[in-house]
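> Here you go, this is structure07.txt (compact mmCIF, C-alpha atoms and all ligand atoms).
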```
# COMPACT_ATOMS: atom_id res chain seq x y z
CA MET B 314 36.37 5.87 -9.99
CA GLN B 315 35.61 2.47 -11.51
CA ALA B 316 32.05 2.04 -12.75
CA ASP B 317 29.94 -0.36 -10.69
CA ILE B 318 29.18 -2.87 -13.38
CA GLU B 319 27.65 -5.41 -11.01
CA ILE B 320 24.84 -3.26 -9.66
CA PHE B 321 23.91 -1.70 -12.98
CA LYS B 322 23.78 -5.16 -14.51
CA LEU B 323 21.40 -6.20 -11.75
CA ILE B 324 19.21 -3.12 -12.34
CA GLU B 325 19.02 -4.11 -15.99
CA GLU B 326 18.09 -7.68 -14.98
CA GLU B 327 15.37 -6.37 -12.69
CA TYR B 328 14.02 -4.21 -15.51
CA GLN B 329 13.84 -7.26 -17.80
CA ARG B 330 12.09 -9.25 -15.04
CA GLN B 331 9.50 -6.52 -14.57
CA GLN B 332 9.04 -6.05 -18.34
CA GLN B 333 8.42 -9.66 -19.22
CA GLY B 334 6.31 -10.98 -16.32
CA LEU B 335 2.81 -10.61 -14.94
CA GLU B 336 3.05 -8.43 -11.83
CA LEU B 337 0.11 -9.26 -9.57
CA ILE B 338 1.45 -8.33 -6.14
CA ALA B 339 -1.34 -6.16 -4.78
CA SER B 340 1.00 -3.68 -3.10
CA GLU B 341 3.11 -3.02 -6.18
CA ASN B 342 2.76 -0.70 -9.15
CA PHE B 343 4.88 0.81 -11.93
CA THR B 344 5.64 4.43 -11.32
CA SER B 345 6.16 6.87 -14.20
CA THR B 346 9.54 7.78 -15.67
CA GLN B 347 9.21 11.36 -14.37
CA VAL B 348 8.63 10.01 -10.83
CA MET B 349 11.79 7.90 -11.19
CA ARG B 350 13.74 10.87 -12.58
CA ALA B 351 12.72 12.94 -9.57
CA MET B 352 13.98 10.17 -7.28
CA GLY B 353 17.47 9.93 -8.74
CA ASN B 354 18.99 13.40 -8.63
CA VAL B 355 20.96 15.99 -6.65
CA MET B 356 18.27 16.35 -4.00
CA THR B 357 19.60 13.11 -2.47
CA ASN B 358 22.64 15.16 -1.40
CA LYS B 359 20.70 17.61 0.74
CA TYR B 360 20.23 17.48 4.50
CA ALA B 361 17.00 19.20 5.49
CA GLU B 362 16.06 18.15 9.02
CA GLY B 363 13.00 20.13 10.03
CA TYR B 364 10.16 21.41 7.85
CA PRO B 365 9.83 24.02 5.07
CA GLY B 366 10.86 27.39 6.51
CA LYS B 367 12.08 25.80 9.79
CA ARG B 368 15.17 23.73 9.02
CA TYR B 369 18.26 22.87 11.00
CA TYR B 370 20.52 23.30 7.93
CA GLY B 371 21.30 26.10 5.51
CA GLY B 372 20.70 25.88 1.77
CA CYS B 373 17.20 24.46 2.06
CA GLU B 374 15.45 27.18 0.05
CA VAL B 375 14.98 24.93 -2.99
CA VAL B 376 13.91 21.75 -1.20
CA ASP B 377 11.58 23.93 0.91
CA LYS B 378 9.72 24.74 -2.29
CA SER B 379 9.52 21.16 -3.52
CA GLU B 380 8.45 19.79 -0.14
CA GLN B 381 5.79 22.52 0.08
CA LEU B 382 4.55 21.56 -3.40
CA ALA B 383 4.22 17.94 -2.26
CA ILE B 384 2.26 19.09 0.80
CA ASP B 385 -0.03 21.43 -1.15
CA ARG B 386 -0.76 18.85 -3.84
CA ALA B 387 -1.54 16.10 -1.31
CA ASN B 388 -3.91 18.46 0.52
CA GLN B 389 -5.58 19.30 -2.79
CA ILE B 390 -6.03 15.62 -3.70
CA PHE B 391 -7.60 14.57 -0.41
CA GLY B 392 -9.27 17.80 0.74
CA THR B 393 -7.13 17.75 3.87
CA SER B 394 -5.66 20.61 5.88
CA PHE B 395 -2.54 18.82 7.13
CA VAL B 396 -0.09 16.39 5.60
CA ASN B 397 3.39 15.30 6.56
CA VAL B 398 5.19 13.99 3.47
CA GLN B 399 8.41 12.93 5.20
CA PRO B 400 7.76 9.34 6.39
CA HIS B 401 10.16 7.01 4.62
CA SER B 402 7.48 4.30 4.40
CA GLY B 403 4.00 3.34 5.54
CA ALA B 404 5.45 1.59 8.59
CA GLN B 405 7.33 4.80 9.51
CA ALA B 406 4.13 6.80 9.09
CA ASN B 407 2.28 4.48 11.45
CA ALA B 408 5.14 4.45 13.97
CA ALA B 409 5.24 8.25 14.04
CA LEU B 410 1.46 8.59 14.30
CA MET B 411 1.33 6.19 17.24
CA LEU B 412 4.26 7.94 18.91
CA ALA B 413 2.36 11.23 18.57
CA ILE B 414 -0.89 10.08 20.15
CA LEU B 415 -0.13 7.09 22.41
CA LYS B 416 1.95 6.31 25.49
CA PRO B 417 3.75 2.97 25.74
CA GLY B 418 1.31 0.41 27.09
CA ASP B 419 -1.78 2.13 25.68
CA ARG B 420 -4.34 -0.19 24.16
CA ILE B 421 -4.86 -0.36 20.39
CA LEU B 422 -7.46 -2.29 18.40
CA GLY B 423 -6.66 -3.31 14.83
CA LEU B 424 -7.56 -5.88 12.20
CA ASP B 425 -5.88 -9.21 12.92
CA LEU B 426 -2.92 -9.86 10.58
CA SER B 427 -4.28 -13.31 9.75
CA MET B 428 -7.59 -11.74 8.69
CA GLY B 429 -6.01 -9.21 6.33
CA GLY B 430 -4.47 -6.71 8.74
CA HIS B 431 -0.96 -5.26 8.70
CA LEU B 432 2.13 -5.86 10.84
CA THR B 433 2.10 -2.27 12.10
CA HIS B 434 -1.48 -2.59 13.36
CA GLY B 435 -0.40 -4.48 16.50
CA SER B 436 1.46 -7.63 15.45
CA PRO B 437 3.54 -9.04 18.35
CA VAL B 438 6.65 -9.11 16.13
CA ASN B 439 6.32 -5.40 15.29
CA PHE B 440 6.92 -2.21 17.33
CA SER B 441 3.14 -1.77 17.46
CA GLY B 442 2.63 -5.03 19.32
CA LYS B 443 5.71 -4.62 21.50
CA LEU B 444 5.14 -1.04 22.65
CA TYR B 445 1.35 -1.05 22.85
CA ASP B 446 -1.26 -3.40 24.26
CA ALA B 447 -2.61 -4.75 20.99
CA HIS B 448 -6.07 -6.26 20.61
CA PHE B 449 -7.75 -7.35 17.40
CA TYR B 450 -11.02 -7.60 15.55
CA GLY B 451 -11.55 -9.78 12.50
CA VAL B 452 -13.88 -10.74 9.69
CA LYS B 453 -17.01 -12.88 9.93
CA LYS B 454 -16.62 -16.55 9.10
CA GLU B 455 -19.82 -16.70 7.07
CA ASP B 456 -19.11 -13.88 4.61
CA GLY B 457 -15.52 -12.69 5.14
CA LEU B 458 -16.69 -9.11 5.85
CA ILE B 459 -15.40 -6.97 8.73
CA ASP B 460 -17.15 -7.95 11.94
CA TYR B 461 -18.22 -4.50 13.13
CA GLU B 462 -20.24 -5.97 15.99
CA ALA B 463 -17.18 -7.76 17.36
CA MET B 464 -15.18 -4.56 16.85
CA GLU B 465 -17.76 -2.64 18.90
CA GLN B 466 -17.87 -5.24 21.65
CA LYS B 467 -14.08 -5.35 21.93
CA ALA B 468 -13.89 -1.57 21.89
CA MET B 469 -16.52 -1.13 24.59
CA GLU B 470 -14.97 -3.80 26.82
CA GLY B 471 -11.32 -2.88 26.28
CA LYS B 472 -11.59 0.92 25.86
CA PRO B 473 -8.66 1.21 23.43
CA ALA B 474 -6.99 4.56 22.94
CA LEU B 475 -6.82 3.94 19.20
CA ILE B 476 -8.89 1.93 16.70
CA ILE B 477 -7.05 1.19 13.45
CA CYS B 478 -8.88 0.41 10.24
CA GLY B 479 -7.43 -0.36 6.84
CA ALA B 480 -5.84 -3.59 5.67
CA SER B 481 -3.29 -5.31 3.49
CA ALA B 482 -5.52 -8.09 2.23
CA TYR B 483 -9.16 -7.00 2.40
CA SER B 484 -11.02 -6.63 -0.88
CA ARG B 485 -14.07 -4.71 0.37
CA ASP B 486 -14.76 -1.10 1.28
CA TRP B 487 -14.97 0.15 4.88
CA ASP B 488 -17.77 1.73 6.90
CA TYR B 489 -15.78 4.60 8.39
CA ALA B 490 -18.85 6.30 9.88
CA ARG B 491 -19.64 3.19 11.90
CA ILE B 492 -16.05 2.89 13.12
CA ARG B 493 -16.08 6.54 14.22
CA SER B 494 -19.29 6.06 16.16
CA ILE B 495 -17.76 3.05 17.94
CA ALA B 496 -14.65 5.12 18.69
CA ASP B 497 -16.70 8.02 20.02
CA ALA B 498 -18.62 5.67 22.30
CA CYS B 499 -15.42 4.25 23.84
CA GLY B 500 -13.27 7.39 23.74
CA ALA B 501 -10.78 6.25 21.09
CA PHE B 502 -9.04 7.96 18.20
CA VAL B 503 -9.47 6.42 14.75
CA LEU B 504 -6.57 5.87 12.37
CA CYS B 505 -7.24 4.73 8.83
CA ASP B 506 -4.25 3.19 7.09
CA MET B 507 -5.44 3.59 3.51
CA SER B 508 -2.16 2.40 1.94
CA HIS B 509 -3.73 -0.15 -0.37
CA PRO B 510 -6.74 1.68 -1.83
CA ALA B 511 -5.40 5.26 -1.48
CA GLY B 512 -5.45 5.97 -5.22
CA LEU B 513 -9.04 4.80 -5.52
CA ILE B 514 -9.99 6.98 -2.53
CA ALA B 515 -8.10 9.92 -4.07
CA LYS B 516 -10.36 9.80 -7.12
CA GLY B 517 -13.59 9.33 -5.12
CA LEU B 518 -14.19 5.71 -6.17
CA LEU B 519 -14.32 4.32 -2.62
CA ASN B 520 -15.65 5.69 0.67
CA SER B 521 -13.53 8.52 2.02
CA PRO B 522 -12.02 8.00 5.47
CA PHE B 523 -11.31 11.70 5.93
CA GLU B 524 -14.69 12.78 7.27
CA HIS B 525 -14.65 10.19 10.00
CA CYS B 526 -11.11 9.21 10.91
CA HIS B 527 -9.00 11.55 13.02
CA PHE B 528 -5.84 10.43 11.24
CA VAL B 529 -5.05 8.81 7.90
CA THR B 530 -1.75 7.25 6.87
CA SER B 531 -0.69 5.82 3.54
CA THR B 532 2.16 4.52 1.52
CA THR B 533 2.70 6.40 -1.74
CA HIS B 534 3.70 3.49 -3.99
CA LYS B 535 0.66 1.23 -4.20
CA THR B 536 -2.47 2.50 -5.96
CA LEU B 537 -1.11 6.07 -5.59
CA ARG B 538 1.60 4.94 -8.06
CA GLY B 539 4.29 7.20 -6.65
CA PRO B 540 7.73 6.54 -5.19
CA ARG B 541 8.22 4.17 -2.25
CA GLY B 542 7.32 6.20 0.84
CA GLY B 543 4.69 7.26 3.37
CA ILE B 544 2.44 10.17 4.35
CA ILE B 545 0.30 11.19 7.33
CA LEU B 546 -2.83 13.30 6.79
CA MET B 547 -5.64 14.97 8.74
CA LYS B 548 -8.76 16.58 7.36
CA ASN B 549 -9.03 18.88 10.37
CA ASP B 550 -6.29 19.78 12.78
CA PHE B 551 -7.35 20.00 16.44
CA GLU B 552 -5.96 20.80 19.88
CA ASN B 553 -4.50 17.67 21.41
CA PRO B 554 -6.86 16.42 24.11
CA MET B 555 -3.99 14.75 25.99
CA GLY B 556 -3.00 18.14 27.44
CA ILE B 557 0.53 18.06 25.98
CA LYS B 558 2.02 21.56 26.15
CA GLY B 559 4.72 23.29 24.10
CA PRO B 560 7.92 24.85 25.49
CA LYS B 561 6.10 28.10 26.40
CA GLY B 562 3.19 26.28 28.00
CA GLU B 563 1.04 26.63 24.92
CA THR B 564 -1.39 23.90 23.91
CA ARG B 565 0.01 21.78 21.12
CA MET B 566 -2.07 21.13 18.02
CA MET B 567 -2.19 17.53 16.73
CA SER B 568 -0.30 18.66 13.61
CA ASP B 569 2.61 19.81 15.84
CA LEU B 570 2.65 16.49 17.67
CA ILE B 571 2.66 14.54 14.41
CA ASN B 572 5.41 16.66 12.87
CA LEU B 573 7.50 16.26 16.03
CA ALA B 574 6.87 12.52 16.04
CA VAL B 575 8.15 12.18 12.47
CA PHE B 576 11.15 14.45 13.08
CA PRO B 577 12.87 14.28 15.53
CA GLY B 578 10.71 11.49 16.98
CA THR B 579 11.34 8.66 14.57
CA GLN B 580 13.38 9.97 11.63
CA GLY B 581 16.33 12.21 10.87
CA GLY B 582 16.87 13.94 7.55
CA PRO B 583 13.98 13.65 5.12
CA LEU B 584 14.59 12.04 1.72
CA GLU B 585 14.08 15.23 -0.30
CA HIS B 586 14.59 13.43 -3.62
CA VAL B 587 11.78 11.02 -2.71
CA ILE B 588 9.61 13.91 -1.51
CA ALA B 589 10.16 15.58 -4.90
CA ALA B 590 9.03 12.31 -6.53
CA LYS B 591 5.97 12.25 -4.25
CA ALA B 592 5.15 15.76 -5.52
CA VAL B 593 5.42 14.52 -9.11
CA ALA B 594 3.13 11.57 -8.37
CA PHE B 595 0.61 13.89 -6.69
CA HIS B 596 0.68 16.09 -9.80
CA GLU B 597 -0.16 13.00 -11.88
CA ILE B 598 -2.95 11.98 -9.50
CA LEU B 599 -4.57 15.39 -9.92
CA GLN B 600 -4.94 14.77 -13.69
CA ASP B 601 -8.10 13.31 -15.23
CA GLU B 602 -6.10 10.41 -16.71
CA PHE B 603 -5.56 9.10 -13.21
CA LEU B 604 -9.32 8.81 -12.71
CA VAL B 605 -9.53 6.75 -15.92
CA TYR B 606 -6.70 4.56 -14.58
CA CYS B 607 -8.42 4.01 -11.21
CA GLN B 608 -11.75 3.20 -12.87
CA GLN B 609 -9.96 0.60 -15.00
CA VAL B 610 -8.27 -0.84 -11.89
CA ILE B 611 -11.63 -1.51 -10.26
CA SER B 612 -13.14 -2.81 -13.47
CA ASN B 613 -10.17 -5.13 -14.09
CA ALA B 614 -10.38 -6.48 -10.54
CA LYS B 615 -14.06 -7.29 -11.04
CA SER B 616 -13.33 -9.01 -14.36
CA MET B 617 -10.58 -11.00 -12.68
CA ALA B 618 -12.93 -12.02 -9.85
CA HIS B 619 -15.46 -13.17 -12.41
CA ALA B 620 -12.86 -15.24 -14.28
CA PHE B 621 -11.59 -16.87 -11.07
CA GLY B 622 -15.17 -17.61 -10.00
CA GLU B 623 -15.92 -19.31 -13.32
CA ARG B 624 -12.97 -21.63 -12.73
CA GLY B 625 -14.14 -22.67 -9.27
CA TYR B 626 -11.85 -20.48 -7.16
CA GLU B 627 -13.20 -19.29 -3.81
CA MET B 628 -12.65 -15.66 -2.98
CA VAL B 629 -12.75 -14.37 0.57
CA SER B 630 -15.84 -12.12 0.80
CA GLY B 631 -16.93 -13.45 -2.60
CA GLY B 632 -15.37 -10.72 -4.73
CA THR B 633 -13.90 -7.24 -4.64
CA ASP B 634 -14.67 -3.54 -4.38
CA ASN B 635 -11.07 -2.42 -4.86
CA HIS B 636 -7.88 -3.50 -6.63
CA LEU B 637 -7.30 -6.89 -5.01
CA LEU B 638 -8.62 -10.37 -4.42
CA LEU B 639 -7.87 -12.82 -1.64
CA ILE B 640 -8.23 -16.36 -2.95
CA ASP B 641 -8.73 -19.33 -0.66
CA LEU B 642 -7.06 -22.32 -2.31
CA ARG B 643 -8.25 -24.96 0.16
CA ASN B 644 -10.83 -26.35 -2.26
CA LYS B 645 -8.04 -26.75 -4.83
CA GLY B 646 -5.83 -28.74 -2.44
CA ILE B 647 -2.82 -26.48 -2.86
CA SER B 648 -1.08 -24.21 -0.36
CA GLY B 649 -0.33 -20.54 -0.90
CA LYS B 650 3.40 -21.30 -0.69
CA LYS B 651 3.23 -23.93 -3.42
CA ALA B 652 1.12 -21.62 -5.60
CA GLU B 653 3.53 -18.70 -5.18
CA ASN B 654 6.61 -20.83 -5.84
CA THR B 655 5.10 -22.47 -8.91
CA LEU B 656 3.57 -19.35 -10.47
CA VAL B 657 6.86 -17.46 -10.23
CA LYS B 658 8.47 -20.11 -12.46
CA ALA B 659 6.11 -18.93 -15.19
CA ASP B 660 6.94 -15.25 -14.46
CA ILE B 661 3.65 -14.67 -12.60
CA THR B 662 4.35 -12.79 -9.36
CA ILE B 663 1.81 -13.01 -6.55
CA ASN B 664 2.18 -13.54 -2.82
CA LYS B 665 1.01 -16.31 -0.58
CA ASN B 666 -1.37 -14.97 2.03
CA MET B 667 -3.18 -16.18 5.14
CA VAL B 668 -6.92 -16.43 4.66
CA PRO B 669 -9.33 -15.83 7.56
CA PHE B 670 -9.45 -18.81 9.94
CA ASP B 671 -6.42 -20.32 8.21
CA ASP B 672 -5.19 -23.65 9.53
CA LYS B 673 -1.74 -23.25 7.94
CA SER B 674 1.19 -21.18 9.18
CA PRO B 675 2.08 -17.75 7.71
CA PHE B 676 5.03 -19.45 5.96
CA VAL B 677 2.73 -21.86 4.15
CA THR B 678 -0.77 -20.28 4.11
CA SER B 679 -3.96 -21.43 2.40
CA GLY B 680 -4.34 -18.49 0.06
CA ILE B 681 -2.90 -16.09 -2.43
CA ARG B 682 -3.44 -12.35 -2.80
CA VAL B 683 -3.63 -10.88 -6.28
CA GLY B 684 -3.92 -7.24 -7.27
CA VAL B 685 -4.36 -5.53 -10.63
CA ALA B 686 -2.93 -2.04 -10.04
CA ALA B 687 0.39 -2.83 -11.74
CA LEU B 688 -1.05 -4.71 -14.73
CA THR B 689 -3.57 -1.92 -15.26
CA THR B 690 -0.69 0.55 -15.44
CA ARG B 691 0.85 -1.67 -18.12
CA GLY B 692 -2.35 -1.19 -20.13
CA LEU B 693 -4.14 -4.51 -19.64
CA LYS B 694 -7.91 -4.29 -19.93
CA ASN B 695 -10.93 -6.42 -18.94
CA GLN B 696 -10.58 -9.00 -21.71
CA ASP B 697 -6.93 -9.53 -20.73
CA MET B 698 -7.95 -10.53 -17.20
CA GLU B 699 -9.48 -13.68 -18.65
CA ASN B 700 -6.10 -14.64 -20.17
CA VAL B 701 -4.28 -13.84 -16.94
CA VAL B 702 -6.59 -16.04 -14.88
CA ASP B 703 -6.39 -18.77 -17.49
CA TRP B 704 -2.58 -18.81 -17.25
CA ILE B 705 -2.77 -18.94 -13.44
CA ASP B 706 -5.32 -21.76 -13.59
CA ARG B 707 -3.27 -23.82 -16.07
CA ILE B 708 -0.33 -23.71 -13.65
CA LEU B 709 -2.30 -24.35 -10.45
CA LYS B 710 -4.20 -27.27 -12.00
CA ASP B 711 -0.95 -29.16 -12.47
CA THR B 712 1.85 -27.66 -10.40
CA ASP B 713 4.35 -30.41 -11.27
CA ASN B 714 3.94 -30.12 -15.02
CA GLU B 715 7.21 -28.40 -15.94
CA SER B 716 6.53 -28.32 -19.67
CA GLU B 717 3.17 -26.59 -19.14
CA ILE B 718 4.90 -24.08 -16.82
CA GLN B 719 7.48 -23.34 -19.53
CA GLN B 720 4.74 -23.07 -22.17
CA VAL B 721 2.76 -20.58 -20.04
CA LYS B 722 5.91 -18.60 -19.29
CA SER B 723 6.71 -18.27 -22.97
CA GLU B 724 3.14 -17.19 -23.80
CA ILE B 725 3.30 -14.56 -21.04
CA ASN B 726 6.72 -13.25 -22.11
CA GLN B 727 5.46 -12.95 -25.67
CA PHE B 728 2.19 -11.29 -24.58
CA MET B 729 3.89 -8.71 -22.35
CA GLN B 730 6.02 -7.50 -25.26
CA SER B 731 2.86 -5.74 -26.45
CA PHE B 732 2.82 -3.69 -23.21
CA PRO B 733 6.20 -1.96 -23.05
CA LEU B 734 7.01 -0.94 -19.50
CA TYR B 735 9.40 1.96 -20.08
CA PRO B 736 9.85 2.20 -23.87
CA ASP B 737 12.81 4.57 -23.60
CA TRP B 738 14.47 2.66 -20.76
CA LYS B 739 18.23 2.95 -20.85
CA ILE B 740 20.50 2.41 -17.92
CA ASN B 741 24.11 1.34 -17.83
CA SER B 742 27.14 1.72 -15.66
CA LYS B 743 28.14 5.01 -17.33
CA HIS B 744 24.98 6.80 -16.19
N1 LIG B 801 3.95 -5.42 2.44
C1 LIG B 801 2.85 -4.57 2.08
C2 LIG B 801 1.80 -5.34 1.37
O1 LIG B 801 2.18 -6.17 0.60
O2 LIG B 801 0.62 -5.14 1.57
C3 LIG B 801 2.35 -3.89 3.23
O3 LIG B 801 3.39 -3.41 3.99
```
I'd like the structure from this file rewritten - as structure tokens, please.


Amino acid sequence: MQADIEIFKLIEEEYQRQQQGLELIASENFTSTQVMRAMGNVMTNKYAEGYPGKRYYGGCEVVDKSEQLAIDRANQIFGTSFVNVQPHSGAQANAALMLAILKPGDRILGLDLSMGGHLTHGSPVNFSGKLYDAHFYGVKKEDGLIDYEAMEQKAMEGKPALIICGASAYSRDWDYARIRSIADACGAFVLCDMSHPAGLIAKGLLNSPFEHCHFVTSTTHKTLRGPRGGIILMKNDFENPMGIKGPKGETRMMSDLINLAVFPGTQGGPLEHVIAAKAVAFHEILQDEFLVYCQQVISNAKSMAHAFGERGYEMVSGGTDNHLLLIDLRNKGISGKKAENTLVKADITINKNMVPFDDKSPFVTSGIRVGVAALTTRGLKNQDMENVVDWIDRILKDTDNESEIQQVKSEINQFMQSFPLYPDWKINSKH
């Protein structure tokens, strides 16, 4: 068979792009070489519909062991009693969880997308807004913090079946105990989608949702620094209060309903190579080095907030508790779209983002979201955040100055050579 030169050339190009630029997309990270090795191997060949010990295919005895390792390690990290490691992504995890606990038309209450929420928390263009009756809470105009009073009022009036917390662009921690008490008062379940700060939660650096939220979902590739994928967790399993029975009339536990909602409910064969890579990432998260990494993430984010503040940038909520910042560019007279498109010319990757009470469309936006998880993996420290913000500021101060853009790009490319991404990287069409 002829080697596929085109794709392997593109993989090499993508490696060079990642190596030489400043990666500030808050949902991205650089996974380890052993995680990548676990993702590209013979396990991709295996069909394993079902769960360890209960598969619909023969020959699953090896992948049973690796999937069980992933499950056991995730439970160890989070102190949980149940985890499903099969969701292909965070969106799949949320779809399966909602399928397990809701009926079409049931009411859900999530953080508005334009205030930092996620598509799968009820957006009208997503399954969650099409299948369920989605309502939203937001953040307060005066301080950009979650408006728990409005959440409570909406919950008590609307009696949702599910309250969703967690966000894609919220830089502060959450009061899970308060959300649970609101849910208990209106008879709702609570789902925390911890995708963004999951790594920081894993190492105890942010409030834990597990005591208070019935269900927790996450991606595995953001601050958890694993392969692209999703997981669903519960601290305590419990009998489903919806009265759903099994084939012999037995009461179903929530864990059964969730497993059934992942497979066969929303997915077919699990990606056992990716599950093996999740297990590797979980092994890394259990090490002390990962705590040092997460501490540096938070510290870098605070240094970055300080540097932006010194240069007159306004941050939603005034700063950060986690790995990201949401910057409102309205006082700088530049849109998020223009900022994103200009910064990328200098090899700085961020994303445009709506800010609360935005007057621009989601295609233009008034803000940008920046995160430090990926740069921290590269080895950048507090003093480097000052340089990073300085480069961003030099570009945003004069977005039409092409020679300054090229100058910044060359400084960045030079600087990033000191932080090799994968020093022994080697890929070509023969591999
Ligand atoms: N797209 C991811 C993010 O950037 O936050 C969430 O799905």

> List all protein, DNA and RNA residues that have any atom at most 8 Å from ligand LIG 801 (chain B), counting all atoms listed in the file, and write the list as a ChimeraX atom specification.

/B:338-341,403-404,431-432,480-482,508-509

> Residues at most 10 Å from range 637-647 of chain B, counting all atoms listed in the file, excluding those fewer than 3 positions away in the same chain, as a ChimeraX atom specification?

/B:337-340,429,481-485,509-510,610-611,613-615,617-618,621-622,625-634,650-652,665-669,671-672,678-686,709-710,712

> Write out as a list of chain:residue names which residues come within 8 Å of Gln347 in chain B when counting only C-alpha atoms, dropping same-chain ones fewer than 4 positions away.

B:Ala351, B:Ala590, B:Val593

> Taking C-alpha atoms for each residue, export the selection above as a compact mmCIF listing (two decimals), in the coordinates of the input.


```
# COMPACT_ATOMS: atom_id res chain seq x y z
CA ALA B 351 12.72 12.94 -9.57
CA ALA B 590 9.03 12.31 -6.53
CA VAL B 593 5.42 14.52 -9.11
```

> Let me make sure I understand: among B:Thr530, B:Met464, B:Asp456, B:Leu415, which one has the smallest atom-to-atom distance to Pro554 in chain B if we use all atoms listed in the file?

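Comparing B:Thr530, B:Met464, B:Asp456, B:Leu415 against Pro554 in chain B, the winner is B:Leu415.
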
> Excluding Glu717 in chain B and any residue of its chain fewer than 3 positions from it, enumerate the residues within 10 Å of it, using all atoms listed in the file, and give them as a list of chain:residue names.

B:Ala659, B:Trp704, B:Arg707, B:Ile708, B:Asp711, B:Thr712, B:Asp713, B:Asn714, B:Gln720, B:Val721, B:Lys722, B:Ser723

> What's around Ile557 in chain B at 12 Å? Count all atoms listed in the file, leave out sequence neighbours fewer than 6 positions away in its own chain, and write the answer as number ranges by chain.

B: 413-416, 563-567, 569-570

> If we count only C-alpha atoms and set the cut-off at 9 Å, which residues sit around Thr393 in chain B, ignoring sequence neighbours fewer than 5 positions away in its own chain? Please answer as a PDB file with C-alpha atoms, in the frame of the given file.


```
ATOM      1  CA  ALA B 387      -1.540  16.100  -1.310  1.00  0.00           C
ATOM      2  CA  ASN B 388      -3.910  18.460   0.520  1.00  0.00           C
ATOM      3  CA  PHE B 523     -11.310  11.700   5.930  1.00  0.00           C
ATOM      4  CA  LEU B 546      -2.830  13.300   6.790  1.00  0.00           C
ATOM      5  CA  MET B 547      -5.640  14.970   8.740  1.00  0.00           C
ATOM      6  CA  LYS B 548      -8.760  16.580   7.360  1.00  0.00           C
ATOM      7  CA  ASN B 549      -9.030  18.880  10.370  1.00  0.00           C
TER       8      ASN B 549
END
```

> Counting all atoms listed in the file, which residue out of B:Asp660, B:Glu724, B:Glu623, B:Glu585 sits closest to His401 in chain B?

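Closest to His401 in chain B of all the choices is B:Glu585.
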
> Taking only C-alpha atoms into account, name the residue in B:Val396, B:Leu323, B:Ile718, B:Leu424 that is nearest to Leu382 in chain B.

B:Val396

> Could you please determine the separation between CA of Lys359 in chain B and CA of Gly371 in chain B in Å, to one decimal place?

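Going from CA of Lys359 in chain B over to CA of Gly371 in chain B covers 9.8 Å.
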
> Measuring atom to atom with all atoms listed in the file, identify which of B:Gln329, B:Asn695, B:Asn358, B:Thr536 is nearest to Leu604 in chain B.

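Using all atoms listed in the file, Leu604 in chain B sits closest to B:Thr536.
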
> Just to confirm, what's the straight-line distance from CA of Val375 in chain B to CA of Thr357 in chain B in Å (one decimal)?

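Computing the Euclidean distance for CA of Val375 in chain B and CA of Thr357 in chain B yields 12.7 Å.
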
> CA of Gly418 in chain B and CA of Asp446 in chain B, how far apart in Å?

5.4 Å
